[in-house]
Amino acid sequence: MFWNNFITLCNKHNTKPNPVAKVLNLSSGSVTKWKKGATPNDTTLRKIADYFGVSVDYLIGKTDTPTPETRSSDTPTDDITEGLTPEEVTELKRYAEYLRSRHNK
């Protein structure tokens with residue numbers, strides 16, 4: 001089920017599995033395993049779900065509705081990510097991680 005939903009999302013976003021994996025820092029070997037029926041681990045599922053703006057439950061076939069879990073509209077990231085592509089959201093998250101890492105030195 002994961003693979004079918006993943007392919008559907010790739011097609012919907014005019015991309016292919018390996019480029020998505022590359023953007024998410026995942027190996028092409030992982031993509032091959034998924035194609036053969038493996039399901040990604042929880043962390044990877046979350047990355048993919050965030051990338052496409054869907055819920056993990058949708059990715060793994062627990063629901064037919066791709067809508068992600070609802071979040072409070074008071075969340076600061078709601079406004080900042082509005083209108084961005086999945087790639088831009090991923091880039092923004094990486095930058096936020098970089099900024100957090102600077103505080104931990």
# chains A, B, ... in the order shown; residues from 1 in each chain; ligands from 1
call {"tool": "residues_around", "arguments": {"residues": "region 84-97 of chain A", "least_positions_apart": "3", "cutoff": "8 Å", "atoms": "only C-alpha atoms", "output": "tab-separated table (two decimals) with C-alpha atoms, in the first residue's frame"}}
result
chain	number	residue	atom	x	y	z
A	23	VAL	CA	15.83	15.65	-1.45
A	24	LEU	CA	15.04	13.84	1.81
A	50	ASP	CA	5.80	16.19	5.47
A	51	TYR	CA	7.35	16.49	2.03
A	52	PHE	CA	4.04	15.79	0.30
A	53	GLY	CA	1.81	17.44	2.91
A	81	THR	CA	5.04	27.66	5.06
A	100	ARG	CA	19.01	25.09	16.41
A	101	SER	CA	22.37	23.36	16.07
call {"tool": "closest_residue", "arguments": {"among": "A:Lys22, A:Ile60, A:Lys33, A:Thr43", "to": "Phe6 (chain A)", "atoms": "only C-alpha atoms"}}
result
A:Ile60
call {"tool": "residues_around", "arguments": {"residues": "Lys36 (chain A)", "least_positions_apart": "6", "cutoff": "12 Å", "atoms": "only C-alpha atoms", "output": "MDAnalysis selection string"}}
result
chainID A and resid 1:4 29:30
call {"tool": "closest_residue", "arguments": {"among": "A:Thr65, A:Ile48, A:His103, A:Ile80", "to": "Cys10 (chain A)", "atoms": "only C-alpha atoms"}}
result
A:Ile48
call {"tool": "atom_distance", "arguments": {"atom1": "CA of Leu99 (chain A)", "atom2": "CA of Ala21 (chain A)"}}
result
23.6 Å
call {"tool": "closest_residue", "arguments": {"among": "A:Lys16, A:Val31, A:Gly83, A:Asn5", "to": "Val56 (chain A)", "atoms": "only C-alpha atoms"}}
result
A:Asn5
call {"tool": "closest_residue", "arguments": {"among": "A:Thr63, A:Thr32, A:Tyr98, A:Thr44", "to": "Asn18 (chain A)", "atoms": "only C-alpha atoms"}}
result
A:Thr32
call {"tool": "select_by_dssp", "arguments": {"residues": "chain A", "states": "helix (DSSP H, G or I)", "output": "NGL selection string"}}
result
:A and (2-12 or 17-23 or 28-35 or 42-52 or 56-59 or 77-81 or 86-103)
call {"tool": "decode", "arguments": {"residues": "region 23-61 of chain A", "atoms": "N, CA and C atoms", "output": "PDB file, in the first residue's frame"}}
result
ATOM      1  N   VAL A  23      16.160  14.422  -2.179  1.00  0.00           N
ATOM      2  CA  VAL A  23      15.832  15.649  -1.451  1.00  0.00           C
ATOM      3  C   VAL A  23      15.728  15.381   0.046  1.00  0.00           C
ATOM      4  N   LEU A  24      15.226  14.204   0.402  1.00  0.00           N
ATOM      5  CA  LEU A  24      15.039  13.843   1.806  1.00  0.00           C
ATOM      6  C   LEU A  24      16.261  13.151   2.419  1.00  0.00           C
ATOM      7  N   ASN A  25      17.361  13.129   1.675  1.00  0.00           N
ATOM      8  CA  ASN A  25      18.597  12.492   2.139  1.00  0.00           C
ATOM      9  C   ASN A  25      18.415  11.000   2.415  1.00  0.00           C
ATOM     10  N   LEU A  26      17.682  10.340   1.526  1.00  0.00           N
ATOM     11  CA  LEU A  26      17.467   8.896   1.620  1.00  0.00           C
ATOM     12  C   LEU A  26      18.128   8.233   0.419  1.00  0.00           C
ATOM     13  N   SER A  27      18.507   6.981   0.563  1.00  0.00           N
ATOM     14  CA  SER A  27      19.234   6.298  -0.501  1.00  0.00           C
ATOM     15  C   SER A  27      18.300   5.747  -1.571  1.00  0.00           C
ATOM     16  N   SER A  28      18.848   5.573  -2.760  1.00  0.00           N
ATOM     17  CA  SER A  28      18.070   4.939  -3.831  1.00  0.00           C
ATOM     18  C   SER A  28      17.828   3.470  -3.500  1.00  0.00           C
ATOM     19  N   GLY A  29      18.697   2.891  -2.673  1.00  0.00           N
ATOM     20  CA  GLY A  29      18.491   1.521  -2.208  1.00  0.00           C
ATOM     21  C   GLY A  29      17.219   1.393  -1.386  1.00  0.00           C
ATOM     22  N   SER A  30      16.908   2.437  -0.621  1.00  0.00           N
ATOM     23  CA  SER A  30      15.656   2.442   0.135  1.00  0.00           C
ATOM     24  C   SER A  30      14.472   2.406  -0.810  1.00  0.00           C
ATOM     25  N   VAL A  31      14.547   3.183  -1.872  1.00  0.00           N
ATOM     26  CA  VAL A  31      13.464   3.223  -2.853  1.00  0.00           C
ATOM     27  C   VAL A  31      13.253   1.832  -3.456  1.00  0.00           C
ATOM     28  N   THR A  32      14.337   1.159  -3.755  1.00  0.00           N
ATOM     29  CA  THR A  32      14.243  -0.201  -4.305  1.00  0.00           C
ATOM     30  C   THR A  32      13.549  -1.137  -3.324  1.00  0.00           C
ATOM     31  N   LYS A  33      13.896  -1.042  -2.043  1.00  0.00           N
ATOM     32  CA  LYS A  33      13.264  -1.879  -1.021  1.00  0.00           C
ATOM     33  C   LYS A  33      11.770  -1.593  -0.933  1.00  0.00           C
ATOM     34  N   TRP A  34      11.394  -0.317  -1.003  1.00  0.00           N
ATOM     35  CA  TRP A  34       9.978   0.046  -0.933  1.00  0.00           C
ATOM     36  C   TRP A  34       9.219  -0.527  -2.123  1.00  0.00           C
ATOM     37  N   LYS A  35       9.862  -0.456  -3.295  1.00  0.00           N
ATOM     38  CA  LYS A  35       9.219  -0.978  -4.500  1.00  0.00           C
ATOM     39  C   LYS A  35       8.960  -2.480  -4.367  1.00  0.00           C
ATOM     40  N   LYS A  36       9.830  -3.157  -3.627  1.00  0.00           N
ATOM     41  CA  LYS A  36       9.686  -4.603  -3.432  1.00  0.00           C
ATOM     42  C   LYS A  36       8.758  -4.945  -2.270  1.00  0.00           C
ATOM     43  N   GLY A  37       8.169  -3.933  -1.635  1.00  0.00           N
ATOM     44  CA  GLY A  37       7.184  -4.182  -0.593  1.00  0.00           C
ATOM     45  C   GLY A  37       7.534  -3.756   0.813  1.00  0.00           C
ATOM     46  N   ALA A  38       8.756  -3.291   1.035  1.00  0.00           N
ATOM     47  CA  ALA A  38       9.131  -2.838   2.373  1.00  0.00           C
ATOM     48  C   ALA A  38       8.435  -1.517   2.698  1.00  0.00           C
ATOM     49  N   THR A  39       8.222  -1.284   3.975  1.00  0.00           N
ATOM     50  CA  THR A  39       7.649  -0.023   4.439  1.00  0.00           C
ATOM     51  C   THR A  39       8.749   0.743   5.169  1.00  0.00           C
ATOM     52  N   PRO A  40       8.895   2.025   4.890  1.00  0.00           N
ATOM     53  CA  PRO A  40       9.921   2.819   5.587  1.00  0.00           C
ATOM     54  C   PRO A  40       9.684   2.864   7.094  1.00  0.00           C
ATOM     55  N   ASN A  41      10.735   3.175   7.835  1.00  0.00           N
ATOM     56  CA  ASN A  41      10.592   3.312   9.286  1.00  0.00           C
ATOM     57  C   ASN A  41       9.795   4.584   9.606  1.00  0.00           C
ATOM     58  N   ASP A  42       9.432   4.747  10.860  1.00  0.00           N
ATOM     59  CA  ASP A  42       8.571   5.863  11.270  1.00  0.00           C
ATOM     60  C   ASP A  42       9.152   7.234  10.930  1.00  0.00           C
ATOM     61  N   THR A  43      10.447   7.403  11.150  1.00  0.00           N
ATOM     62  CA  THR A  43      11.088   8.687  10.861  1.00  0.00           C
ATOM     63  C   THR A  43      11.025   9.004   9.380  1.00  0.00           C
ATOM     64  N   THR A  44      11.290   8.013   8.558  1.00  0.00           N
ATOM     65  CA  THR A  44      11.253   8.212   7.105  1.00  0.00           C
ATOM     66  C   THR A  44       9.831   8.458   6.629  1.00  0.00           C
ATOM     67  N   LEU A  45       8.872   7.732   7.178  1.00  0.00           N
ATOM     68  CA  LEU A  45       7.477   7.975   6.819  1.00  0.00           C
ATOM     69  C   LEU A  45       7.077   9.412   7.122  1.00  0.00           C
ATOM     70  N   ARG A  46       7.508   9.921   8.267  1.00  0.00           N
ATOM     71  CA  ARG A  46       7.188  11.304   8.645  1.00  0.00           C
ATOM     72  C   ARG A  46       7.824  12.286   7.659  1.00  0.00           C
ATOM     73  N   LYS A  47       9.069  12.031   7.265  1.00  0.00           N
ATOM     74  CA  LYS A  47       9.738  12.906   6.291  1.00  0.00           C
ATOM     75  C   LYS A  47       8.968  12.945   4.970  1.00  0.00           C
ATOM     76  N   ILE A  48       8.569  11.772   4.511  1.00  0.00           N
ATOM     77  CA  ILE A  48       7.851  11.682   3.235  1.00  0.00           C
ATOM     78  C   ILE A  48       6.485  12.357   3.352  1.00  0.00           C
ATOM     79  N   ALA A  49       5.791  12.099   4.453  1.00  0.00           N
ATOM     80  CA  ALA A  49       4.479  12.713   4.670  1.00  0.00           C
ATOM     81  C   ALA A  49       4.596  14.234   4.703  1.00  0.00           C
ATOM     82  N   ASP A  50       5.590  14.747   5.408  1.00  0.00           N
ATOM     83  CA  ASP A  50       5.797  16.193   5.473  1.00  0.00           C
ATOM     84  C   ASP A  50       6.133  16.762   4.096  1.00  0.00           C
ATOM     85  N   TYR A  51       6.948  16.050   3.371  1.00  0.00           N
ATOM     86  CA  TYR A  51       7.351  16.495   2.030  1.00  0.00           C
ATOM     87  C   TYR A  51       6.129  16.693   1.131  1.00  0.00           C
ATOM     88  N   PHE A  52       5.216  15.721   1.164  1.00  0.00           N
ATOM     89  CA  PHE A  52       4.038  15.785   0.297  1.00  0.00           C
ATOM     90  C   PHE A  52       2.841  16.477   0.944  1.00  0.00           C
ATOM     91  N   GLY A  53       2.926  16.794   2.234  1.00  0.00           N
ATOM     92  CA  GLY A  53       1.812  17.439   2.911  1.00  0.00           C
ATOM     93  C   GLY A  53       0.634  16.515   3.154  1.00  0.00           C
ATOM     94  N   VAL A  54       0.934  15.259   3.455  1.00  0.00           N
ATOM     95  CA  VAL A  54      -0.106  14.272   3.738  1.00  0.00           C
ATOM     96  C   VAL A  54       0.150  13.645   5.104  1.00  0.00           C
ATOM     97  N   SER A  55      -0.788  12.832   5.556  1.00  0.00           N
ATOM     98  CA  SER A  55      -0.598  12.145   6.828  1.00  0.00           C
ATOM     99  C   SER A  55       0.161  10.836   6.617  1.00  0.00           C
ATOM    100  N   VAL A  56       0.815  10.386   7.664  1.00  0.00           N
ATOM    101  CA  VAL A  56       1.472   9.080   7.630  1.00  0.00           C
ATOM    102  C   VAL A  56       0.423   7.991   7.425  1.00  0.00           C
ATOM    103  N   ASP A  57      -0.722   8.161   8.052  1.00  0.00           N
ATOM    104  CA  ASP A  57      -1.797   7.180   7.882  1.00  0.00           C
ATOM    105  C   ASP A  57      -2.176   7.009   6.414  1.00  0.00           C
ATOM    106  N   TYR A  58      -2.179   8.081   5.662  1.00  0.00           N
ATOM    107  CA  TYR A  58      -2.474   7.978   4.228  1.00  0.00           C
ATOM    108  C   TYR A  58      -1.370   7.194   3.516  1.00  0.00           C
ATOM    109  N   LEU A  59      -0.126   7.510   3.831  1.00  0.00           N
ATOM    110  CA  LEU A  59       0.996   6.828   3.179  1.00  0.00           C
ATOM    111  C   LEU A  59       0.940   5.320   3.361  1.00  0.00           C
ATOM    112  N   ILE A  60       0.560   4.878   4.549  1.00  0.00           N
ATOM    113  CA  ILE A  60       0.581   3.437   4.819  1.00  0.00           C
ATOM    114  C   ILE A  60      -0.777   2.772   4.602  1.00  0.00           C
ATOM    115  N   GLY A  61      -1.748   3.528   4.105  1.00  0.00           N
ATOM    116  CA  GLY A  61      -3.028   2.942   3.737  1.00  0.00           C
ATOM    117  C   GLY A  61      -4.050   2.805   4.842  1.00  0.00           C
TER     118      GLY A  61
END
